[in-house]
$ cat data-v3.txt   # compact mmCIF, C-alpha atoms
# COMPACT_ATOMS: atom_id res chain seq x y z
CA MET A 604 -3.80 6.65 4.48
CA CYS A 605 -3.17 10.06 2.95
CA ALA A 606 0.47 10.33 1.90
CA ALA A 607 3.02 11.80 -0.47
CA ALA A 608 6.69 11.00 -1.01
CA LEU A 609 9.51 12.41 -3.04
CA THR A 610 12.06 9.94 -4.36
CA ASP A 611 15.10 9.79 -6.56
CA ASP A 612 15.05 6.34 -8.15
CA ASP A 613 14.81 3.97 -5.15
CA HIS A 614 15.99 6.55 -2.62
CA LEU A 615 13.51 8.27 -0.32
CA ILE A 616 14.05 12.01 -0.07
CA ALA A 617 10.95 12.97 1.94
CA GLU A 618 7.63 11.41 2.93
CA HIS A 619 4.59 12.64 4.83
CA ARG A 620 1.72 10.32 5.68
CA VAL A 621 -1.33 10.59 7.89
CA ASN A 622 -3.56 7.67 8.84
CA ILE A 623 -6.82 9.49 9.56
CA LYS A 624 -10.09 8.79 7.76
CA ASN A 625 -11.76 11.33 5.47
CA ILE A 626 -9.00 13.93 5.31
CA HIS A 627 -7.87 13.68 1.68
CA ALA A 628 -9.88 16.68 0.47
CA ALA A 629 -8.54 18.98 3.16
CA ARG A 630 -5.00 17.62 3.65
CA LEU A 631 -3.65 16.11 0.42
CA PHE A 632 -2.25 19.31 -1.12
CA PRO A 633 -0.81 20.57 2.20
CA ILE A 634 0.88 17.16 2.58
CA ILE A 635 2.31 17.36 -0.95
CA HIS A 636 3.56 20.90 -0.33
CA SER A 637 5.13 19.87 3.00
CA VAL A 638 7.10 17.15 1.19
CA PHE A 639 8.33 19.68 -1.38
CA ASP A 640 9.23 22.13 1.40
CA MET A 641 11.11 19.50 3.44
CA ALA A 642 13.21 18.66 0.37
CA SER A 643 13.60 22.23 -0.94
CA PHE A 644 12.01 20.94 -4.13
CA GLU A 645 9.70 22.55 -6.67
CA GLN A 646 6.87 20.85 -8.51
CA LYS A 647 8.39 21.78 -11.89
CA GLU A 648 11.34 19.48 -11.06
CA LEU A 649 9.15 16.35 -11.05
CA ASP A 650 9.91 13.68 -13.66
CA GLY A 651 6.78 11.61 -13.03
CA ILE A 652 4.04 10.70 -10.59
CA ALA A 653 3.08 7.30 -9.18
CA ILE A 654 -0.36 6.93 -7.64
CA SER A 655 -2.04 4.17 -5.67
CA ILE A 656 -5.17 3.00 -7.53
CA GLY A 657 -6.87 0.81 -4.97
CA PRO A 658 -8.52 -1.01 -3.52
CA GLY A 659 -9.25 1.59 -0.88
CA SER A 660 -11.58 4.35 0.12
CA PHE A 661 -13.47 5.49 -2.99
CA THR A 662 -13.34 9.14 -1.95
CA GLY A 663 -9.66 9.02 -1.03
CA LEU A 664 -8.77 7.29 -4.30
CA ARG A 665 -10.85 9.74 -6.33
CA ILE A 666 -9.21 12.76 -4.70
CA GLY A 667 -5.71 11.30 -5.02
CA LEU A 668 -6.19 10.36 -8.67
CA SER A 669 -7.63 13.79 -9.50
CA ALA A 670 -4.71 15.55 -7.82
CA ALA A 671 -2.11 13.33 -9.50
CA LYS A 672 -3.75 13.70 -12.91
CA GLY A 673 -3.93 17.49 -12.55
CA MET A 674 -0.27 17.72 -11.54
CA ALA A 675 0.85 15.35 -14.33
CA ILE A 676 -1.08 17.22 -17.02
CA GLY A 677 0.07 20.59 -15.67
CA GLN A 678 3.72 19.51 -15.77
CA ASN A 679 3.40 17.34 -18.91
CA ILE A 680 4.93 14.36 -17.08
CA PRO A 681 3.94 10.68 -16.99
CA ILE A 682 1.66 9.22 -14.36
CA VAL A 683 1.86 5.56 -13.31
CA ALA A 684 -0.91 3.64 -11.58
CA VAL A 685 0.26 1.26 -8.83
CA PRO A 686 -2.09 -1.34 -7.29
CA THR A 687 -2.44 -0.69 -3.56
CA MET A 688 -2.05 -4.37 -2.74
CA GLN A 689 1.24 -4.57 -4.64
CA ALA A 690 2.63 -1.57 -2.75
CA LEU A 691 1.52 -3.04 0.58
CA ALA A 692 2.98 -6.47 -0.23
CA SER A 693 6.31 -4.85 -1.13
CA ASN A 694 6.72 -3.94 2.56
CA ALA A 695 6.84 -7.62 3.60
CA PRO A 696 10.21 -8.30 5.28
CA ILE A 697 11.03 -11.51 3.45
CA ARG A 698 13.29 -12.32 0.52
CA ASP A 699 11.44 -15.39 -0.74
CA GLY A 700 8.06 -17.03 -0.08
CA LEU A 701 4.37 -16.20 -0.15
CA VAL A 702 3.03 -12.77 0.78
CA CYS A 703 -0.66 -12.30 1.54
CA ALA A 704 -1.67 -8.63 1.47
CA ILE A 705 -4.92 -7.93 3.34
CA LEU A 706 -7.00 -4.75 3.56
CA GLN A 707 -10.32 -4.47 5.35
CA SER A 708 -13.22 -3.41 3.16
CA ARG A 709 -16.22 -3.58 5.47
CA ALA A 710 -16.91 -4.98 8.93
CA ASN A 711 -16.46 -8.60 7.88
CA GLU A 712 -15.02 -8.28 4.36
CA PHE A 713 -11.38 -8.15 3.34
CA TYR A 714 -9.50 -7.57 0.11
CA THR A 715 -6.71 -10.08 -0.39
CA THR A 716 -3.98 -10.59 -2.96
CA ILE A 717 -1.41 -13.37 -2.74
CA TYR A 718 2.05 -12.92 -4.20
CA SER A 719 4.95 -15.31 -4.66
CA ARG A 720 8.22 -13.58 -3.85
CA ASP A 721 11.52 -14.64 -5.37
CA ASN A 722 14.57 -12.56 -4.41
CA TYR A 723 12.31 -9.60 -3.46
CA LYS A 724 10.44 -9.73 -6.79
CA ASP A 725 6.69 -10.31 -6.41
CA THR A 726 4.51 -12.21 -8.86
CA ILE A 727 0.73 -12.42 -8.40
CA MET A 728 -0.38 -15.91 -7.42
CA GLN A 729 -4.01 -14.98 -6.70
CA ASP A 730 -5.64 -11.81 -8.01
CA THR A 731 -7.28 -9.38 -5.62
CA SER A 732 -10.53 -10.78 -4.28
CA ILE A 733 -12.94 -9.93 -1.52
CA SER A 734 -13.88 -12.46 1.15
CA THR A 735 -15.43 -12.70 4.55
CA PHE A 736 -13.11 -13.17 7.50
CA GLU A 737 -14.07 -16.83 7.84
CA GLU A 738 -13.56 -17.57 4.12
CA LEU A 739 -10.20 -15.86 4.18
CA VAL A 740 -8.90 -17.67 7.27
CA ASP A 741 -9.61 -20.98 5.56
CA SER A 742 -7.98 -19.98 2.26
CA ILE A 743 -4.69 -18.41 3.36
CA PRO A 744 -1.84 -20.73 2.39
CA SER A 745 0.54 -22.12 5.01
CA ASN A 746 3.85 -20.34 5.57
CA ALA A 747 2.55 -17.08 4.08
CA CYS A 748 3.71 -13.75 5.43
CA LEU A 749 0.54 -11.80 6.27
CA ILE A 750 0.70 -8.03 5.87
CA GLY A 751 -1.89 -5.25 6.14
CA HIS A 752 -4.93 -5.00 8.40
CA MET A 753 -3.84 -7.77 10.75
CA GLN A 754 -5.44 -7.24 14.18
CA ARG A 755 -8.34 -9.63 13.74
CA PHE A 756 -6.17 -12.20 11.95
CA PHE A 757 -3.52 -12.16 14.65
CA GLU A 758 -6.17 -13.23 17.14
CA GLU A 759 -6.89 -16.38 15.06
CA GLU A 760 -4.83 -19.19 16.58
CA THR A 761 -4.89 -21.40 13.46
CA LEU A 762 -3.25 -18.61 11.44
CA ARG A 763 -0.60 -17.95 14.10
CA LYS A 764 0.36 -21.63 13.86
CA ARG A 765 0.63 -21.89 10.08
CA CYS A 766 1.59 -18.35 8.95
CA PHE A 767 3.68 -15.47 10.18
CA PHE A 768 2.85 -11.79 10.51
CA ALA A 769 4.76 -8.79 9.23
CA PRO A 770 5.89 -6.42 11.99
CA ALA A 771 3.42 -3.65 12.86
CA ASP A 772 5.41 -0.91 11.14
CA ALA A 773 5.29 -2.76 7.79
CA ASN A 774 1.47 -3.03 7.82
CA TYR A 775 0.86 0.55 6.69
CA LEU A 776 0.94 1.56 3.07
CA SER A 777 3.59 4.16 2.32
CA ALA A 778 3.89 6.61 -0.54
CA PHE A 779 7.52 5.53 -0.82
CA SER A 780 6.42 1.96 -1.65
CA VAL A 781 4.09 3.29 -4.33
CA ALA A 782 6.89 5.49 -5.76
CA LYS A 783 9.44 2.63 -5.84
CA ILE A 784 7.07 0.41 -7.80
CA GLY A 785 6.01 3.29 -10.04
CA SER A 786 9.62 4.12 -10.93
CA GLN A 787 10.15 0.55 -12.09

$ encode --input "data-v3.txt" --output "structure tokens"
Amino acid sequence: MCAAALTDDDHLIAEHRVNIKNIHAARLFPIIHSVFDMASFEQKELDGIAISIGPGSFTGLRIGLSAAKGMAIGQNIPIVAVPTMQALASNAPIRDGLVCAILQSRANEFYTTIYSRDNYKDTIMQDTSISTFEELVDSIPSNACLIGHMQRFFEEETLRKRCFFAPADANYLSAFSVAKIGSQ
């Protein structure tokens, strides 16, 4: 995911995101500029920058961090690092309960972080780890809301019986989610 958002506190002003592999180098700055243009906003008006720090594509993270750092230094504004899994989990459509954020790493490996949510506030229950599909299926707690790269998990009948799945539109990381957490 290559994305940028402009927010005012917890209010989204503009967001542009593209879910295409290997485009960060060519598209990140045009995406940032399109967000500024949509909002009639200038870079010098920024108060701070929040950036997703992974896990994720090494190249995409490196390009995003370099761009954010350059903009923050150039404007003399703070930069806040937001764990990707935390931003993804924040999209889960539940008020209370367990949230299991899942991102695919390789063909049969997945990053997972489990959060306990109380009144929309997430607390880490299990730090980010990497597991095979089979290991992960066996370790996901009952009644958890699963969010992220879900296709393969949705096909697993035992998970469909003991967990529930976030709707498809919640499974994609958004720059707005990163910004909301960063502003906190």

$ residues_near_point --input "data-v3.txt" --point "(7.1, 16.7, 2.1)" --cutoff "12 Å" --atoms "all atoms listed in the file" --output "MDAnalysis selection string"
chainID A and resid 606:610 615:621 631:646 778:779

$ residues_around --input "data-v3.txt" --residues "Met604 in chain A" --least-positions-apart "5" --cutoff "10 Å" --atoms "all atoms listed in the file" --output "PyMOL selection string"
chain A and resi 620-627+659-660+663+775-778

$ closest_residue --input "data-v3.txt" --among "A:Ala628, A:Ile697, A:Val702, A:Ala653" --to "Tyr718 in chain A" --atoms "only C-alpha atoms"
A:Val702

$ closest_residue --input "data-v3.txt" --among "A:Ser780, A:Ser708, A:Ser719, A:Asn746" --to "Phe767 in chain A" --atoms "all atoms listed in the file"
A:Asn746

$ closest_residue --input "data-v3.txt" --among "A:Asp741, A:Asp730, A:Asp650, A:Glu760" --to "Gln678 in chain A" --atoms "all atoms listed in the file"
A:Asp650

$ atom_distance --input "data-v3.txt" --atom1 "CA of Leu664 in chain A" --atom2 "CA of Phe768 in chain A"
26.8 Å

$ closest_residue --input "data-v3.txt" --among "A:Ile750, A:Ile733, A:Ala769, A:Ile652" --to "Gln787 in chain A" --atoms "all atoms listed in the file"
A:Ile652

$ residues_around --input "data-v3.txt" --residues "Glu759 in chain A" --least-positions-apart "6" --cutoff "12 Å" --atoms "all atoms listed in the file" --output "PyMOL selection string"
chain A and resi 736-737+739-741+753+765-768

$ closest_residue --input "data-v3.txt" --among "A:Ile682, A:Leu701, A:Met688, A:Leu668" --to "Tyr714 in chain A" --atoms "only C-alpha atoms"
A:Met688

$ residues_around --input "data-v3.txt" --residues "Val685 in chain A" --least-positions-apart "5" --cutoff "8 Å" --atoms "all atoms listed in the file" --output "list in words"
Ala653, Ile654, Ser655, Ile656, Ala690, Val781, Ile784 and Gly785 of chain A
